[in-house]
Amino acid sequence: MRGLSRKALVVTGLTKRYPGVTALDSVSLEVGEGEYFAVIGPSGSGKSTLLKCIAGLERPDGGSVYIFGRRVDGLPPEERGVGLIFQEIYLFPHMTARSNVVYAAVARGVGRAEDVAREALSAVGVEVRARSLPRELSLGEQQKVSLARALASGARLLLMDEPYGSMDPRTAAQLRYEVRRLAKSLGLTVIHVTHNQEEAMAVADRVAVMRRGRVEQVGSPLELYLRPKSLFVARFVGGENNFLEGEVVGRDGPYVEVDLGVGAVKAFGDVEPGRAVVAVRPEKLKFAESGVLEGRVEAREFLGKVYKYVVRLRDGRSVLVKSRERVAQGAPVKLSFDPLDAVVFPYPPEGLAEALRYE
Amino acid sequence: MRGAKVSVRDLRKRYGAVKALDGVTFDVESGEYFVILGPVGSGRSTLLKCIAGLERPDSGDILFDGESVLGLPPEKRLAGYMPPGYALFPHMTVWENVAYGLWIRGYPRREVEERVEEALKLVGLLHRADSYPHQLSGGQRQRIALARALASGARVLLLDEPLTALDAVLTLEVRREVRRLAKSLGLTVIHVTHNQEEAMAVADRVAVMRRGRVEQVGSPEEVYFNPLTPFEAKFVADANLLPGKLVEVEGASGVAEVEGLGPVRVLHRGLAAGAEVLVAVRPESIRVGGSRFRGKVLDLSHLGHTLRLWVEVGKLRLRVDTEPVLGLKPGSEITFDLDEPLLAFEYSSWEGEGVE
Amino acid sequence: MKAVGFLSARYRGRGPLSAAYVAVVLAAVALLVLAPPLYVVVYVLTHAEAVVREAFQHYLIGSAYWQMITRALLLSLRLALATLAVDLALGLPLSYLIARRKLKASALVENLATLPLVLPTSAFGFAALMAWSSPLGISSLFGQRAALIPQDAVLPVVEVPVLLLIVHVALTLPYLVRPLVATLETLGEAYELVSRSLGAPILTTFRRVVLPLIAPSLVTGSALALTRSLGETGATLIVAGVNFPASVAIVRLVGALKMGLASLLASLLVASALSLVLPAELLSKRAALRAEVRGTRLEKALVRVERKLSSSALLSRLAKATLASVLAILLLAPIAVIVKMLVEYWSCDPYTGRVEGGVLYQVFGPAGYWPRIVRAAANSFLVASLATLTAVYLSILLFAAVRRTKLLPLVRALIKIPLIVPTSATGLSALLLYGESGLNLVQPGIWLTLLVHVSFTTPVVFETLISTYESLEVDPLEEVARTLGATPYDALETVTLPVLRRGIVAGAVLAFLGSLGETGATMMVMGRDEMLTVLIVNMAEAMAVPAALFTSALLLLYALAALLLLRTFVR
């Protein structure tokens, strides 16, 4: 197939069924060489199964996997040339960090194994800890060594399954940037699977959002944040969100007019008249002199950078607002938003709660 | 029910050479929601266990409502302890778990039934009374652990990292729920966490702990906006710490010359002109789009509602948080202002570790 | 709400366990568990003069007894080491194949490898003797009229009787395979998958990753297999011909009322077992093995060879087939032969045609073995039940007394002694300790048997309990229980023990099965209260082949049931 050779990974129509569950439902993806690609979704969405099928740890029921243009269906993991990074880091506990890396080079049968190992260790910046046993290293260092090990085995495609899942959030937040920089400077392609949307958004060039064995949307983090294509993506990506039910009553250029019951607002989208849902993020709602949404501040949390408010609207609905302004509890407020910052969806046939459900 | 007032007086505890607690003192008012914020290994769990009676401090005192409880074994302290992971009894149903505290103290059957039912209703899980813990979701387990502590008649709730076992979205709902529950019952809560946002969101007051010591006690806003040490500024607000020199002093304010940025207005605590300082700049107090300073974007990262930039200004590298905007990429030139005054700390007060 | 209530309600609400309680429990354990296997050494030291005279300066035969003792002891050691060598060659690949489900019938093979654990050894010994050395055994399938392996055939170089080696390998294999399989399963397949994804062939992965990681349990398993072989008495008694090892020599010396000589040999056997096993135990406790990898020529060449071998499908199939069939022949052939011979001997002796030589006549007819079998079975089950109960009770008391103290490692090490000491030595020791020449408390019979069985079943229960305790995180549960109002005792009774229930049940099942199958110690102390396993030995010695066939078949049937019990409750 022409054109495939420039892609690090192509997945076509991948399907995997377990008794009673379809873990992967005809998933297709293309990842370019050198791209940092994240796959996110709640637990049970099929993201780990996808990774296992790519790595050769699971046999898909249908579809194909191409790695650097080579079709790898049916090949065992050792012949796919991918590096696996897991949440449980799985450094060989009886070998020093260096030996772990040398082992990878020897196992692959490369010429100057010791040199390859030294380069890999210095690339990830843990050469000073090379003589330590894994249990003497911090979790972050351990994960770096496992990265060096994957590099020494000659892998140019890294598959990472919740790589920071076992670390405390602060270590994880630091390490994720280091790993991204490393991958970029070495020209590696990374497939990073996680349930943590913030982690994926923070480091990925592109993100695929999975749900129930299907890919809901693929896009850059900003696209997913600003222009989610489904209610589920709007809920899962970018932190908390407000979903307001209403009725589409008209159209105005790229916007539609939505009657929320308490008044009409404009929002971005292309939705036929009828029941609809407006998604507007808490940080996009502004306290204003005038606004359709009127209510009272019911609760306030201080989050550091911003305050988070629960505002009870006049019709009983409540919305979340994030703002740097400090407003007293109980104060009457009016809220407004830029129509560009709100996205309209047709009302889902299965009901709003079901459309937003995680599992 | 009324929560106890908890007083901790100069508590010390050593494990071999490690000082887990190095003179900890604070008061928690009756009904207060008190959060202890600190990195792993700062002594927070030891402190909680000492209050519960599960560890014996080497010296110091712990008082509930003014009376020392050091001589009391854990079963007589009426302090409900919730370890990370909740430790629900796996061989008992939800009902039996919640009833345990009353049953073991020999309460009459009628009263046990009433109070268990009440506690389960309070956390909204009466319908799961016959389930076993392994059949529950993470959030449900947490609520059962809470109900178990409540039903046993605890006057103080001691929560050790109560939210880490939950996924991120659930956390936001659960933490508000726990606080609401505690407030409505008038319980005193001491909640331990390493998560800055969680601490700010739920606390009436926060104590920042490090290496067995309390660095500051104050309201979330005080701790966030007016940290007493550079460690706190970095740990709580993720501030950039920039070295510089105090060049003008006028009372508690002054001007500091920051290497690479130039003069900025600062607040300090009694330093003299000429002092070497660290100026703390919170990532969100850098206003992109201003005009005073210029920098180059090294890298950027989307954190949902904020965009994190790494900006190079001369030799400095600044972490900057701004609203998500299109068009920025590595290499972009930006201009920015700073929210002044900034906080200046004595340079020598920085111990340069234990933050990341 | 359920409560365990293993002491009594009076203890409700009591404070911490008192030092006196701990002392009493430790004393009881020392007396009931440790004294029986070790007293024999004390006996030799206190009767040193008489023992030495008898061994070295006998008025008739000089030092002939000493020569017999050393001969038996050396044979025991050679036999044990040869057994271990074969065990390792078979057990290591077998464990891996079982744990990773690489065999078509992994579950079946695992059951097969576990069977000897529950097999009453004397019954198996008889079956093996019939299979390999009787003209009606395996050789008859090939139309031969001679024994396939004569009873006294000796392996050259190592000078170990072939039949003994076969039987010992069969009986000790599970003690190596079970811990290895368990460790491999706990370890999981992840390290191997990682290694393979790095490009390493299976054999390199096994040598460089798997082997070092299971090394500690390899050492423990080997030590167990060694002690089992050194102490094996039931089957050995039946199979041993002119060359007999120490465990049998002790039985024969006691039979000849040479208590001093028997004690001397028993003490030497105890000393050799301890000196072989204790260093191994210490070794396995030391920090995990470190194995460095260097990119040397040798290493690269090895990997190349391993890659070639790993990729050969034929080789791997051949190895699997060999392993499975060796195991099947070792264990299933004797059982099949027993069934075959039972049919042949059912109504009459197949050679002479005399009905007196048939099973029907001997068991149900005038020879009257049936009531003896029933009585022996009743005795055996009674002892096993009571011993298990006592062991469980004692283990829980000990657990409560020492689990949070610094004594725990010491207690854990010491309590293994009854498992290391050969059982015939334990039997003799108990006889000397409790019997007429010692405390004169209990005479040989069912109660003395019970005391001896308590000694070697308690460690089994205690060890299972402690390892369950360590694998589950019970301490946070107890801490929470304390803050909810439970005293230390309440927390133990209402939380810790119920949570550990599975471990206790597993330990009890293992103890029960161990007690039922034990022969060596039992035959020393049972007096006139015959036990099932010893009955077979007696039948074999009385040349009552049909009766022995019948009883063996019964016991093998029981073993299958026991296996089921084991698989249900253990692990």
# chains A, B, ... in the order shown; residues from 1 in each chain; ligands from 1
$ closest_atom_pairs --of "chain A" --to "chain B" --cutoff "7 Å" --atoms "only C-alpha atoms" --output "tab-separated table"
residue	atom	partner	partner_atom	distance
A:Arg170	CA	B:Glu356	CA	6.5
A:Thr171	CA	B:Glu356	CA	6.4
A:Glu198	CA	B:Leu303	CA	5.7
A:Met201	CA	B:His302	CA	5.5
A:Ala202	CA	B:Ser301	CA	4.6
A:Val203	CA	B:Ser301	CA	6.2
A:Pro221	CA	B:His302	CA	6.6
A:Tyr225	CA	B:Gly304	CA	6.7
A:Gly238	CA	B:Gly304	CA	4.1
A:Gly239	CA	B:Gly304	CA	6.3
A:Glu283	CA	B:His305	CA	6.8
A:Glu301	CA	B:Ala201	CA	4.8
A:Phe302	CA	B:Ala201	CA	5.1
A:Leu303	CA	B:Glu197	CA	5.1
A:Gly304	CA	B:Tyr224	CA	6.3
A:Lys305	CA	B:Glu284	CA	6.7
$ write_last_selection --atoms "C-alpha atoms" --output "PDB file, in the first residue's frame"
ATOM      1  CA  ARG A 170       3.386  16.073  41.130  1.00  0.00           C
ATOM      2  CA  THR A 171       6.053  13.630  39.942  1.00  0.00           C
ATOM      3  CA  GLU A 198      -5.460  16.350  31.530  1.00  0.00           C
ATOM      4  CA  MET A 201      -4.096  17.116  26.665  1.00  0.00           C
ATOM      5  CA  ALA A 202      -0.908  18.379  28.267  1.00  0.00           C
ATOM      6  CA  VAL A 203       1.536  16.390  26.161  1.00  0.00           C
ATOM      7  CA  PRO A 221      -6.114  19.190  22.395  1.00  0.00           C
ATOM      8  CA  TYR A 225     -11.509  21.575  24.140  1.00  0.00           C
ATOM      9  CA  GLY A 238     -11.167  19.694  29.471  1.00  0.00           C
ATOM     10  CA  GLY A 239     -12.523  19.349  32.991  1.00  0.00           C
ATOM     11  CA  GLU A 283     -14.414  29.274  32.918  1.00  0.00           C
ATOM     12  CA  GLU A 301     -14.611  27.028  46.555  1.00  0.00           C
ATOM     13  CA  PHE A 302     -11.188  28.602  46.409  1.00  0.00           C
ATOM     14  CA  LEU A 303      -9.002  26.614  44.010  1.00  0.00           C
ATOM     15  CA  GLY A 304      -5.954  28.835  44.015  1.00  0.00           C
ATOM     16  CA  LYS A 305      -5.809  30.221  40.507  1.00  0.00           C
TER      17      LYS A 305
END
$ select_by_dssp --residues "region 109-347 of chain A" --states "strand (DSSP E)" --output "number ranges by chain"
A: 157-161, 189-194, 206-211, 214-219, 242-252, 255-259, 264-268, 274-280, 286-287, 293-302, 307-313, 318-323, 332-336, 342-346
$ closest_residue --among "A:Ala113, A:Leu186, A:Leu9, A:Ala38" --to "chain C" --atoms "only C-alpha atoms"
A:Ala113
$ interface_residues --of "chain C" --to "chain B" --cutoff "10 Å" --atoms "only C-alpha atoms" --output "ChimeraX atom specification"
/C:1-2,12-13,15,473-488,490-491,494-496,498-501
$ select_by_dssp --residues "region 280-427 of chain C" --states "helix (DSSP H, G or I)" --output "ChimeraX atom specification"
/C:280-285,297-311,313-344,355-357,359-364,369-402,408-414,417-420,423-427
$ residues_around --residues "Arg149 (chain A)" --least-positions-apart "3" --cutoff "7 Å" --atoms "only C-alpha atoms" --output "PyMOL selection string"
chain A and resi 100-101+104+145-146+152-153
$ write_last_selection --atoms "N, CA and C atoms" --output "mmCIF file, in the first residue's frame"
data_model
loop_
_atom_site.group_PDB
_atom_site.id
_atom_site.type_symbol
_atom_site.label_atom_id
_atom_site.label_comp_id
_atom_site.auth_asym_id
_atom_site.auth_seq_id
_atom_site.Cartn_x
_atom_site.Cartn_y
_atom_site.Cartn_z
ATOM 1 N N ASN A 100 19.644 -3.723 33.015
ATOM 2 C CA ASN A 100 18.341 -3.757 32.372
ATOM 3 C C ASN A 100 18.438 -3.269 30.935
ATOM 4 N N VAL A 101 19.218 -2.223 30.753
ATOM 5 C CA VAL A 101 19.319 -1.616 29.426
ATOM 6 C C VAL A 101 20.241 -2.449 28.523
ATOM 7 N N ALA A 104 18.505 -5.392 27.049
ATOM 8 C CA ALA A 104 17.680 -5.108 25.872
ATOM 9 C C ALA A 104 18.528 -5.089 24.613
ATOM 10 N N VAL A 145 14.323 4.690 33.250
ATOM 11 C CA VAL A 145 15.162 3.548 32.878
ATOM 12 C C VAL A 145 14.400 2.627 31.933
ATOM 13 N N SER A 146 13.112 2.440 32.191
ATOM 14 C CA SER A 146 12.356 1.544 31.314
ATOM 15 C C SER A 146 12.259 2.150 29.918
ATOM 16 N N ALA A 152 17.036 1.120 23.875
ATOM 17 C CA ALA A 152 18.171 0.246 23.574
ATOM 18 C C ALA A 152 17.737 -0.964 22.757
ATOM 19 N N SER A 153 16.473 -1.326 22.856
ATOM 20 C CA SER A 153 16.014 -2.475 22.077
ATOM 21 C C SER A 153 15.740 -2.058 20.634
#
$ closest_atom_pairs --of "chain C" --to "chain A" --cutoff "10 Å" --atoms "only C-alpha atoms" --output "JSON lines"
{"residue": "C:Ala190", "atom": "CA", "partner": "A:Tyr90", "partner_atom": "CA", "distance": 7.2}
{"residue": "C:Tyr191", "atom": "CA", "partner": "A:Tyr90", "partner_atom": "CA", "distance": 6.1}
{"residue": "C:Glu192", "atom": "CA", "partner": "A:Phe92", "partner_atom": "CA", "distance": 9.7}
{"residue": "C:Leu193", "atom": "CA", "partner": "A:Pro77", "partner_atom": "CA", "distance": 7.9}
{"residue": "C:Val194", "atom": "CA", "partner": "A:Leu84", "partner_atom": "CA", "distance": 7.0}
{"residue": "C:Ser195", "atom": "CA", "partner": "A:Ala104", "partner_atom": "CA", "distance": 7.6}
{"residue": "C:Arg196", "atom": "CA", "partner": "A:Glu78", "partner_atom": "CA", "distance": 5.0}
{"residue": "C:Ser197", "atom": "CA", "partner": "A:Glu78", "partner_atom": "CA", "distance": 4.2}
{"residue": "C:Leu198", "atom": "CA", "partner": "A:Ser153", "partner_atom": "CA", "distance": 5.4}
{"residue": "C:Gly199", "atom": "CA", "partner": "A:Glu78", "partner_atom": "CA", "distance": 4.5}
{"residue": "C:Ala200", "atom": "CA", "partner": "A:Ala107", "partner_atom": "CA", "distance": 4.5}
{"residue": "C:Pro201", "atom": "CA", "partner": "A:Ala107", "partner_atom": "CA", "distance": 7.5}
{"residue": "C:Ile202", "atom": "CA", "partner": "A:Glu78", "partner_atom": "CA", "distance": 10.0}
{"residue": "C:Thr204", "atom": "CA", "partner": "A:Ala107", "partner_atom": "CA", "distance": 7.9}
{"residue": "C:Thr205", "atom": "CA", "partner": "A:Ala107", "partner_atom": "CA", "distance": 8.9}
{"residue": "C:Arg208", "atom": "CA", "partner": "A:Tyr103", "partner_atom": "CA", "distance": 8.7}
{"residue": "C:Val209", "atom": "CA", "partner": "A:Phe92", "partner_atom": "CA", "distance": 7.0}
{"residue": "C:Val210", "atom": "CA", "partner": "A:Phe92", "partner_atom": "CA", "distance": 9.6}
{"residue": "C:Pro212", "atom": "CA", "partner": "A:His94", "partner_atom": "CA", "distance": 7.1}
{"residue": "C:Leu213", "atom": "CA", "partner": "A:His94", "partner_atom": "CA", "distance": 7.1}
{"residue": "C:Ala287", "atom": "CA", "partner": "A:His94", "partner_atom": "CA", "distance": 9.6}
{"residue": "C:Ala288", "atom": "CA", "partner": "A:His94", "partner_atom": "CA", "distance": 6.6}
{"residue": "C:Leu289", "atom": "CA", "partner": "A:His94", "partner_atom": "CA", "distance": 6.0}
{"residue": "C:Arg290", "atom": "CA", "partner": "A:His94", "partner_atom": "CA", "distance": 4.9}
{"residue": "C:Ala291", "atom": "CA", "partner": "A:Met95", "partner_atom": "CA", "distance": 5.6}
{"residue": "C:Glu292", "atom": "CA", "partner": "A:Ser99", "partner_atom": "CA", "distance": 5.6}
{"residue": "C:Val293", "atom": "CA", "partner": "A:Ser99", "partner_atom": "CA", "distance": 5.0}
{"residue": "C:Arg294", "atom": "CA", "partner": "A:Val102", "partner_atom": "CA", "distance": 6.5}
{"residue": "C:Gly295", "atom": "CA", "partner": "A:Ala113", "partner_atom": "CA", "distance": 5.3}
{"residue": "C:Thr296", "atom": "CA", "partner": "A:Ala113", "partner_atom": "CA", "distance": 8.6}
{"residue": "C:Glu299", "atom": "CA", "partner": "A:Val106", "partner_atom": "CA", "distance": 7.8}
{"residue": "C:Lys300", "atom": "CA", "partner": "A:Val106", "partner_atom": "CA", "distance": 6.4}
{"residue": "C:Ala301", "atom": "CA", "partner": "A:Gly109", "partner_atom": "CA", "distance": 9.6}
{"residue": "C:Val303", "atom": "CA", "partner": "A:Ala107", "partner_atom": "CA", "distance": 6.9}
{"residue": "C:Arg304", "atom": "CA", "partner": "A:Gly109", "partner_atom": "CA", "distance": 8.0}
{"residue": "C:Arg307", "atom": "CA", "partner": "A:Ala107", "partner_atom": "CA", "distance": 9.3}
$ residues_around --residues "Gly269 (chain A)" --least-positions-apart "2" --cutoff "7 Å" --atoms "only C-alpha atoms" --output "PyMOL selection string"
chain A and resi 254-256+267+271+343-344
$ write_last_selection --atoms "N, CA and C atoms" --output "PDB file, in the first residue's frame"
ATOM      1  N   PRO A 254     -22.932  31.643  11.792  1.00  0.00           N
ATOM      2  CA  PRO A 254     -22.415  30.365  12.307  1.00  0.00           C
ATOM      3  C   PRO A 254     -23.091  29.949  13.622  1.00  0.00           C
ATOM      4  N   TYR A 255     -23.974  30.794  14.127  1.00  0.00           N
ATOM      5  CA  TYR A 255     -24.583  30.509  15.427  1.00  0.00           C
ATOM      6  C   TYR A 255     -26.035  30.067  15.277  1.00  0.00           C
ATOM      7  N   VAL A 256     -26.526  29.447  16.312  1.00  0.00           N
ATOM      8  CA  VAL A 256     -27.965  29.207  16.396  1.00  0.00           C
ATOM      9  C   VAL A 256     -28.479  29.919  17.635  1.00  0.00           C
ATOM     10  N   ALA A 267     -25.278  30.428  20.404  1.00  0.00           N
ATOM     11  CA  ALA A 267     -24.160  29.513  20.623  1.00  0.00           C
ATOM     12  C   ALA A 267     -23.721  28.947  19.288  1.00  0.00           C
ATOM     13  N   VAL A 271     -27.421  23.147  14.210  1.00  0.00           N
ATOM     14  CA  VAL A 271     -28.411  22.207  14.731  1.00  0.00           C
ATOM     15  C   VAL A 271     -29.790  22.637  14.237  1.00  0.00           C
ATOM     16  N   VAL A 343     -21.091  25.538  22.687  1.00  0.00           N
ATOM     17  CA  VAL A 343     -21.332  24.609  21.583  1.00  0.00           C
ATOM     18  C   VAL A 343     -22.710  23.988  21.747  1.00  0.00           C
ATOM     19  N   VAL A 344     -23.461  23.932  20.635  1.00  0.00           N
ATOM     20  CA  VAL A 344     -24.812  23.361  20.700  1.00  0.00           C
ATOM     21  C   VAL A 344     -24.812  21.954  20.120  1.00  0.00           C
TER      22      VAL A 344
END
$ closest_residue --among "C:Thr183, C:Thr70, C:Thr121, C:Gln362" --to "Ser95 (chain C)" --atoms "only C-alpha atoms"
C:Thr183
$ atom_distance --atom1 "CA of Leu224 (chain C)" --atom2 "CA of Leu274 (chain C)"
11.2 Å
$ residues_around --residues "region 330-334 of chain B" --least-positions-apart "2" --cutoff "8 Å" --atoms "only C-alpha atoms" --output "list in words"
Val288, Gly289, Arg294, Gly295, Lys296, Val297, Leu298, Asp299, Leu300, Leu328 and Phe336 of chain B
$ residues_around --residues "Gly517 (chain C)" --least-positions-apart "6" --cutoff "10 Å" --atoms "only C-alpha atoms" --output "PyMOL selection string"
chain C and resi 117-123+234+380+384+531-534+555+559
$ write_last_selection --atoms "N, CA and C atoms" --output "JSON list (two decimals), in the first residue's frame"
[["chain", "number", "residue", "atom", "x", "y", "z"],
["C", 117, "LEU", "N", 1.51, -35.52, 47.01],
["C", 117, "LEU", "CA", 1.38, -34.77, 48.26],
["C", 117, "LEU", "C", 0.31, -35.38, 49.15],
["C", 118, "VAL", "N", -0.71, -35.96, 48.53],
["C", 118, "VAL", "CA", -1.82, -36.50, 49.31],
["C", 118, "VAL", "C", -1.80, -38.02, 49.33],
["C", 119, "LEU", "N", -0.86, -38.60, 48.58],
["C", 119, "LEU", "CA", -0.79, -40.04, 48.46],
["C", 119, "LEU", "C", -0.21, -40.62, 49.76],
["C", 120, "PRO", "N", -0.92, -41.53, 50.42],
["C", 120, "PRO", "CA", -0.29, -42.20, 51.56],
["C", 120, "PRO", "C", 0.93, -42.95, 51.02],
["C", 121, "THR", "N", 2.11, -42.59, 51.54],
["C", 121, "THR", "CA", 3.33, -43.05, 50.89],
["C", 121, "THR", "C", 3.48, -44.57, 50.91],
["C", 122, "SER", "N", 3.02, -45.21, 51.98],
["C", 122, "SER", "CA", 3.20, -46.66, 52.03],
["C", 122, "SER", "C", 2.40, -47.33, 50.92],
["C", 123, "ALA", "N", 1.19, -46.81, 50.67],
["C", 123, "ALA", "CA", 0.39, -47.40, 49.60],
["C", 123, "ALA", "C", 1.08, -47.21, 48.26],
["C", 234, "GLY", "N", 7.60, -44.41, 54.84],
["C", 234, "GLY", "CA", 6.51, -45.34, 54.49],
["C", 234, "GLY", "C", 6.80, -46.16, 53.26],
["C", 380, "SER", "N", -7.05, -43.71, 62.10],
["C", 380, "SER", "CA", -6.35, -42.69, 61.32],
["C", 380, "SER", "C", -7.15, -41.40, 61.22],
["C", 384, "ALA", "N", -6.17, -37.81, 62.74],
["C", 384, "ALA", "CA", -6.00, -36.68, 61.83],
["C", 384, "ALA", "C", -6.92, -35.52, 62.21],
["C", 531, "MET", "N", -2.64, -47.90, 62.54],
["C", 531, "MET", "CA", -3.13, -46.85, 61.64],
["C", 531, "MET", "C", -3.09, -47.38, 60.21],
["C", 532, "LEU", "N", -3.88, -46.72, 59.35],
["C", 532, "LEU", "CA", -4.09, -47.20, 58.00],
["C", 532, "LEU", "C", -2.79, -47.35, 57.21],
["C", 533, "THR", "N", -1.94, -46.32, 57.25],
["C", 533, "THR", "CA", -0.72, -46.36, 56.43],
["C", 533, "THR", "C", 0.22, -47.46, 56.89],
["C", 534, "VAL", "N", 0.26, -47.67, 58.20],
["C", 534, "VAL", "CA", 1.17, -48.67, 58.72],
["C", 534, "VAL", "C", 0.64, -50.08, 58.43],
["C", 555, "LEU", "N", -6.64, -46.79, 49.44],
["C", 555, "LEU", "CA", -5.95, -45.56, 49.80],
["C", 555, "LEU", "C", -5.72, -44.67, 48.58],
["C", 559, "ALA", "N", -6.89, -40.96, 47.94],
["C", 559, "ALA", "CA", -5.99, -39.88, 47.53],
["C", 559, "ALA", "C", -6.64, -38.99, 46.47]]
$ residues_around --residues "Thr46 (chain C)" --least-positions-apart "6" --cutoff "12 Å" --atoms "only C-alpha atoms" --output "list in words"
Tyr39, Val40, Val52, Gly260, Ser263, Leu264 and Gly438 of chain C
$ write_last_selection --atoms "C-alpha atoms" --output "short mmCIF file (atom, residue, chain, number, x, y, z; two decimals), in the first residue's frame"
data_model
loop_
_atom_site.label_atom_id
_atom_site.label_comp_id
_atom_site.auth_asym_id
_atom_site.auth_seq_id
_atom_site.Cartn_x
_atom_site.Cartn_y
_atom_site.Cartn_z
CA TYR C 39 14.46 -34.75 72.29
CA VAL C 40 16.33 -37.60 70.64
CA VAL C 52 29.11 -45.28 72.38
CA GLY C 260 20.51 -46.18 71.92
CA SER C 263 18.74 -42.55 68.75
CA LEU C 264 22.32 -42.13 67.60
CA GLY C 438 11.31 -40.48 79.63
#
$ closest_residue --among "A:Pro134, A:Leu157, A:Gly44, A:Arg317" --to "Lys7 (chain A)" --atoms "only C-alpha atoms"
A:Leu157
$ atom_distance --atom1 "CA of Ile191 (chain A)" --atom2 "CA of Asp161 (chain A)"
8.5 Å
$ atom_distance --atom1 "CA of Leu37 (chain B)" --atom2 "CA of Ala207 (chain B)"
6.0 Å
